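Undergrad: Have a look at this one before I ask anything.
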Amino acid sequence: MLMTSTKNLKTASRTMPSTSVQRPFRTCLPEEQFLLARDHEIQERHRYRGFELSFLPLNPATSQLMAMLGLECEQRLASLAQTAGHLQLGVGLEECEVHGVIPPEMRRQHFFVVNEDMAYQALNHALAAAHHSHQFYELLLKSCSTLELHVLLKEFVTQKKNACSILEEVQDSLRQLAG
């Protein structure tokens with residue numbers, strides 16, 4: 001009898017899904033997701049403004065690209081604020097004070113790119129940050145439970161993927177010019 005009940009237990013455990021053991025359940029409240037996205041975009045905007053300034057002396061075209069990527073961050077911030085307003089979430093998305101969420105060490109990391117080696121290193125840094133941002137939004141999208149935010153985050157993932165592709169192309173062209 002003990003053998004039969006052990007056999008039934010094994011059979012039952014094979015048929016029961018054990019997703020809670022394999023994959024932890026991750027989710028945030030919609031307000032938290034909006035705040036995470038807002039803070040991330042503020043940091044991204046600050047980073048691209050820094051790169052814009054860094055590339056200005058040596059490569060104005062790359063500086064202009066960084067400025068455009070910074071403007072995309074501002075557009076994403078506006079979209080977040082608009083969507084939060086539409087959902088009547090009082091999360092303070094219209095308050096986008098940069099220094100409130102940027103760590104002091106990040107505010108002081110600006111430098112001027114003065115040669116091709118520095119340009120390549122700065123582009124590597126920008127590309128790594130862009131890939132991180134893309135992954136951040138993919139994770140946020142996977143944990144999203146609000147339809148309106150899901151649509152917005154899906155658009156952000158596409159934009160971040162495109163930014164990575166553009167920065168990779170710039171990096172490749174710089175490598176070809178140097179090589």
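In the structure tokens, each chain is lettered A, B, ... as it comes, each chain's residues begin at 1, and ligands are numbered from 1 in order of appearance.
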Taking 2 positions as the minimum chain separation for residues in the same chain, which residues sit within 12 Å of Phe112 of chain A when counting only C-alpha atoms? Answer as a PyMOL selection string.
TA: chain A and resi 50-60+63+109-110+114-116+118-119+121-122
Undergrad: Please indicate the distance in Å from atom CA of Thr27 of chain A to atom CA of Ser145 of chain A, rounded to one decimal place.
TA: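 A separation of 7.7 Å between them.
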Undergrad: So how far away is atom CA of Leu35 of chain A from atom CA of Leu139 of chain A, in Å?
TA: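 Result for atom CA of Leu139 of chain A versus atom CA of Leu35 of chain A: 14.6 Å, one decimal.
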Undergrad: Could you jot down the atom CA of His86 of chain A to atom CA of His150 of chain A separation for me, Å, one decimal place?
TA: 14.0 Å
